[in-house]
Amino acid sequence: MIRRIITLLTLLVVISSCKAQGNNNIKQNKTLERTTERFDTSTYYMERQGLEYQFEHYLRGKVRQFGGNNGSNYIEYSKKEKDLFGTYKEYYNRTATLKLVGKYYYNDFDCGIWKEYDENGYLIDEYDQDAPYKNYPWEKVEKFVKEELKLDLFDNKVFIHRYVSKHSKIPIWRIRWQVGIKVYTIKINANTGKIINQVEGEVEK
């Protein structure tokens, strides 16, 4: 009889602790960052031409939206005309809630902190796209391109890309520009800031 009582008391303690832990988890979830941003599907489907909708916004600049067909997510790119960086957003198809948001360099790469949310709007992950390049960040690349190479970053013949080498695992900045029929490419080691190689070629005919 005493053993049964002890067993019952033990079960009650375990159950109550589980309930307390569950309540704590709920409280923790409620303190997480949450977004209420939603994609404006009614305007999108009413205004889009063909497969996309483009418009000017006084804060976001030129906005381009597409997606939503066959269950695909909604995508939005926005950038002001005189800005080098824009904003990327992705929304869930089913709920139209914000899924992913982050910055991008208008030519070719993602940058800054990207945030990912679940369908209920709770933040589930963050990605620091700049982390591999912290020793030689964008500010130094921009200065090098403007002051050393004397190039205009808004020139559509000037391209800047960055990536981590699959073989060496070294983060690399790649600067490419065209002058007449000549094409120049410089690769910079983002760990050291030193030029890895410099190549001169011609436009392929």
# chains A, B, ... in the order shown; residues from 1 in each chain; ligands from 1

call {"tool": "residues_around", "arguments": {"residues": "segment 139-156 of chain A", "least_positions_apart": "4", "cutoff": "12 Å", "atoms": "only C-alpha atoms", "output": "PyMOL selection string"}}
result
chain A and resi 81-85+105-108+130+133-135+160-162+172-179+184-190+192-195

call {"tool": "write_last_selection", "arguments": {"atoms": "N, CA, C and O atoms", "output": "short mmCIF file (atom, residue, chain, number, x, y, z; two decimals), in the first residue's frame"}}
result
data_model
loop_
_atom_site.label_atom_id
_atom_site.label_comp_id
_atom_site.auth_asym_id
_atom_site.auth_seq_id
_atom_site.Cartn_x
_atom_site.Cartn_y
_atom_site.Cartn_z
N GLU A 81 16.55 53.94 -56.41
CA GLU A 81 17.37 54.11 -57.61
C GLU A 81 18.83 54.42 -57.30
O GLU A 81 19.74 53.90 -57.95
N LYS A 82 19.08 55.26 -56.30
CA LYS A 82 20.44 55.68 -56.01
C LYS A 82 21.09 54.88 -54.88
O LYS A 82 22.14 55.27 -54.36
N ASP A 83 20.51 53.75 -54.53
CA ASP A 83 21.07 52.88 -53.50
C ASP A 83 21.76 51.67 -54.13
O ASP A 83 21.28 51.14 -55.14
N LEU A 84 22.87 51.26 -53.53
CA LEU A 84 23.57 50.06 -54.00
C LEU A 84 22.93 48.79 -53.43
O LEU A 84 23.10 47.71 -53.98
N PHE A 85 22.18 48.96 -52.33
CA PHE A 85 21.60 47.80 -51.65
C PHE A 85 20.08 47.87 -51.63
O PHE A 85 19.49 48.95 -51.54
N TYR A 105 23.18 43.17 -52.33
CA TYR A 105 23.87 44.13 -53.17
C TYR A 105 23.29 44.01 -54.56
O TYR A 105 23.12 42.90 -55.06
N TYR A 106 22.99 45.12 -55.19
CA TYR A 106 22.19 45.09 -56.41
C TYR A 106 22.79 44.28 -57.54
O TYR A 106 22.09 43.80 -58.42
N ASN A 107 24.10 44.08 -57.51
CA ASN A 107 24.73 43.31 -58.58
C ASN A 107 24.65 41.81 -58.34
O ASN A 107 24.20 41.07 -59.21
N ASP A 108 25.09 41.35 -57.13
CA ASP A 108 25.22 39.90 -57.10
C ASP A 108 25.30 39.17 -55.77
O ASP A 108 25.54 37.97 -55.78
N ASP A 130 27.53 38.47 -43.66
CA ASP A 130 28.80 39.18 -43.72
C ASP A 130 29.91 38.50 -42.91
O ASP A 130 31.08 38.89 -43.01
N TYR A 133 33.38 37.58 -44.22
CA TYR A 133 34.14 38.68 -44.83
C TYR A 133 34.46 39.80 -43.83
O TYR A 133 34.79 40.92 -44.23
N LYS A 134 34.37 39.49 -42.54
CA LYS A 134 34.52 40.53 -41.52
C LYS A 134 35.92 41.13 -41.48
O LYS A 134 36.10 42.29 -41.09
N ASN A 135 36.96 40.37 -41.90
CA ASN A 135 38.32 40.90 -41.89
C ASN A 135 38.57 41.89 -43.04
O ASN A 135 39.46 42.74 -42.96
N ILE A 160 30.56 43.14 -58.80
CA ILE A 160 31.23 42.69 -57.59
C ILE A 160 30.48 41.48 -57.04
O ILE A 160 29.27 41.52 -56.86
N HIS A 161 31.23 40.44 -56.80
CA HIS A 161 30.66 39.19 -56.30
C HIS A 161 31.54 38.71 -55.14
O HIS A 161 32.72 39.08 -55.07
N ARG A 162 30.97 37.92 -54.25
CA ARG A 162 31.77 37.33 -53.18
C ARG A 162 31.32 35.91 -52.92
O ARG A 162 30.16 35.56 -53.10
N ILE A 172 36.31 35.07 -50.64
CA ILE A 172 36.91 35.83 -51.73
C ILE A 172 35.97 36.91 -52.25
O ILE A 172 34.78 36.68 -52.41
N TRP A 173 36.54 38.08 -52.50
CA TRP A 173 35.85 39.14 -53.22
C TRP A 173 36.31 39.08 -54.66
O TRP A 173 37.52 39.01 -54.93
N ARG A 174 35.37 39.15 -55.61
CA ARG A 174 35.71 39.13 -57.03
C ARG A 174 35.17 40.40 -57.69
O ARG A 174 33.97 40.65 -57.68
N ILE A 175 36.08 41.19 -58.22
CA ILE A 175 35.72 42.45 -58.89
C ILE A 175 35.99 42.30 -60.38
O ILE A 175 37.11 41.93 -60.78
N ARG A 176 35.00 42.59 -61.18
CA ARG A 176 35.14 42.43 -62.63
C ARG A 176 34.57 43.67 -63.33
O ARG A 176 33.50 44.14 -62.97
N TRP A 177 35.33 44.20 -64.29
CA TRP A 177 34.83 45.37 -65.01
C TRP A 177 35.32 45.33 -66.46
O TRP A 177 36.29 44.66 -66.80
N GLN A 178 34.59 46.04 -67.30
CA GLN A 178 34.87 46.04 -68.73
C GLN A 178 35.17 47.45 -69.22
O GLN A 178 34.48 48.41 -68.87
N VAL A 179 36.23 47.55 -70.02
CA VAL A 179 36.59 48.81 -70.67
C VAL A 179 36.79 48.51 -72.15
O VAL A 179 37.77 47.86 -72.53
N TYR A 184 38.61 43.03 -67.10
CA TYR A 184 39.59 42.89 -66.01
C TYR A 184 38.93 42.22 -64.81
O TYR A 184 37.78 42.51 -64.47
N THR A 185 39.68 41.35 -64.16
CA THR A 185 39.16 40.65 -62.98
C THR A 185 40.21 40.65 -61.87
O THR A 185 41.38 40.34 -62.12
N ILE A 186 39.78 41.01 -60.68
CA ILE A 186 40.65 40.96 -59.50
C ILE A 186 39.97 40.13 -58.42
O ILE A 186 38.78 40.31 -58.14
N LYS A 187 40.74 39.23 -57.81
CA LYS A 187 40.23 38.45 -56.68
C LYS A 187 41.01 38.82 -55.44
O LYS A 187 42.25 38.86 -55.46
N ILE A 188 40.26 39.10 -54.35
CA ILE A 188 40.87 39.52 -53.09
C ILE A 188 40.58 38.50 -52.00
O ILE A 188 39.43 38.07 -51.82
N ASN A 189 41.61 38.09 -51.27
CA ASN A 189 41.46 37.21 -50.12
C ASN A 189 40.82 38.02 -48.99
O ASN A 189 41.43 38.97 -48.48
N ALA A 190 39.60 37.66 -48.59
CA ALA A 190 38.89 38.44 -47.57
C ALA A 190 39.42 38.20 -46.17
O ALA A 190 39.05 38.92 -45.23
N THR A 192 42.84 38.23 -45.58
CA THR A 192 44.05 39.03 -45.48
C THR A 192 43.93 40.40 -46.16
O THR A 192 44.70 41.31 -45.87
N GLY A 193 42.97 40.53 -47.10
CA GLY A 193 42.83 41.77 -47.84
C GLY A 193 43.81 41.89 -49.00
O GLY A 193 43.89 42.93 -49.65
N LYS A 194 44.55 40.82 -49.26
CA LYS A 194 45.55 40.85 -50.33
C LYS A 194 44.97 40.30 -51.64
O LYS A 194 44.11 39.41 -51.62
N ILE A 195 45.46 40.84 -52.76
CA ILE A 195 45.01 40.39 -54.07
C ILE A 195 45.57 39.00 -54.36
O ILE A 195 46.78 38.77 -54.27
#

call {"tool": "residues_around", "arguments": {"residues": "Leu32 of chain A", "least_positions_apart": "6", "cutoff": "10 Å", "atoms": "only C-alpha atoms", "output": "list of chain:residue names"}}
result
A:Gly121, A:Tyr122, A:Leu123, A:Ile124

call {"tool": "write_last_selection", "arguments": {"atoms": "N, CA, C and O atoms", "output": "PDB file, in the first residue's frame"}}
result
ATOM      1  N   GLY A 121       4.695  33.590 -37.732  1.00  0.00           N
ATOM      2  CA  GLY A 121       5.357  34.872 -37.584  1.00  0.00           C
ATOM      3  C   GLY A 121       6.498  34.908 -36.589  1.00  0.00           C
ATOM      4  O   GLY A 121       7.108  35.956 -36.382  1.00  0.00           O
ATOM      5  N   TYR A 122       6.822  33.760 -35.948  1.00  0.00           N
ATOM      6  CA  TYR A 122       7.892  33.741 -34.958  1.00  0.00           C
ATOM      7  C   TYR A 122       9.254  33.564 -35.625  1.00  0.00           C
ATOM      8  O   TYR A 122       9.404  32.773 -36.548  1.00  0.00           O
ATOM      9  N   LEU A 123      10.238  34.319 -35.141  1.00  0.00           N
ATOM     10  CA  LEU A 123      11.594  34.222 -35.644  1.00  0.00           C
ATOM     11  C   LEU A 123      12.175  32.849 -35.315  1.00  0.00           C
ATOM     12  O   LEU A 123      12.173  32.431 -34.160  1.00  0.00           O
ATOM     13  N   ILE A 124      12.669  32.137 -36.332  1.00  0.00           N
ATOM     14  CA  ILE A 124      13.227  30.806 -36.091  1.00  0.00           C
ATOM     15  C   ILE A 124      14.718  30.724 -36.403  1.00  0.00           C
ATOM     16  O   ILE A 124      15.390  29.792 -35.974  1.00  0.00           O
TER      17      ILE A 124
END

call {"tool": "atom_distance", "arguments": {"atom1": "atom CA of Asn93 of chain A", "atom2": "atom CA of Phe109 of chain A"}}
result
24.9 Å

call {"tool": "select_by_dssp", "arguments": {"residues": "chain A", "states": "strand (DSSP E or B)", "output": "ChimeraX atom specification"}}
result
/A:34,38,49,52-57,61-67,74-79,85-91,97-105,109-117,122-128,158-164,171-179,182-189,195-202

call {"tool": "residues_around", "arguments": {"residues": "Gln65 of chain A", "least_positions_apart": "3", "cutoff": "8 Å", "atoms": "only C-alpha atoms", "output": "MDAnalysis selection string"}}
result
chainID A and resid 44 52:54 74:77

call {"tool": "select_by_dssp", "arguments": {"residues": "segment 21-179 of chain A", "states": "helix (DSSP H, G or I)", "output": "number ranges by chain"}}
result
A: 21-31, 41-47, 69-71, 131-133, 138-148

call {"tool": "write_last_selection", "arguments": {"atoms": "C-alpha atoms", "output": "compact mmCIF listing (two decimals), in the first residue's frame"}}
result
# COMPACT_ATOMS: atom_id res chain seq x y z
CA GLN A 21 8.18 23.01 -18.19
CA GLY A 22 5.49 23.20 -20.90
CA ASN A 23 4.21 26.49 -19.50
CA ASN A 24 7.77 27.84 -19.44
CA ASN A 25 8.23 26.89 -23.10
CA ILE A 26 5.00 28.68 -24.01
CA LYS A 27 6.17 31.77 -22.11
CA GLN A 28 9.54 31.62 -23.87
CA ASN A 29 7.85 31.36 -27.26
CA LYS A 30 5.72 34.40 -26.47
CA THR A 31 8.87 36.45 -25.79
CA THR A 41 -2.26 39.26 -52.20
CA SER A 42 -5.43 41.13 -53.21
CA THR A 43 -3.52 44.08 -54.70
CA TYR A 44 -0.92 41.76 -56.20
CA TYR A 45 -3.41 39.64 -58.17
CA MET A 46 -5.47 42.65 -59.17
CA GLU A 47 -2.55 44.76 -60.42
CA ASN A 69 1.54 30.23 -58.84
CA ASN A 70 1.17 26.50 -58.23
CA GLY A 71 1.70 26.92 -54.49
CA ALA A 131 30.51 36.89 -41.19
CA PRO A 132 33.03 35.24 -43.59
CA TYR A 133 34.14 38.68 -44.83
CA TRP A 138 32.32 45.79 -47.88
CA GLU A 139 33.53 49.23 -46.74
CA LYS A 140 37.12 48.32 -47.67
CA VAL A 141 36.06 46.84 -50.99
CA GLU A 142 34.07 49.97 -51.80
CA LYS A 143 37.05 52.18 -50.95
CA PHE A 144 39.39 50.04 -53.07
CA VAL A 145 37.05 50.13 -56.08
CA LYS A 146 36.47 53.88 -55.88
CA GLU A 147 39.92 55.14 -54.90
CA GLU A 148 42.32 52.57 -56.36

call {"tool": "atom_distance", "arguments": {"atom1": "atom CA of Asn197 of chain A", "atom2": "atom CA of Ser165 of chain A"}}
result
14.1 Å

call {"tool": "closest_residue", "arguments": {"among": "A:Asn120, A:Gln198, A:Ser78, A:Asn191", "to": "Val101 of chain A", "atoms": "only C-alpha atoms"}}
result
A:Ser78

call {"tool": "atom_distance", "arguments": {"atom1": "atom CA of Ala96 of chain A", "atom2": "atom CA of Phe39 of chain A"}}
result
5.1 Å

call {"tool": "closest_residue", "arguments": {"among": "A:Asp118, A:Glu204, A:Asp110, A:Glu56", "to": "Glu37 of chain A", "atoms": "only C-alpha atoms"}}
result
A:Asp118
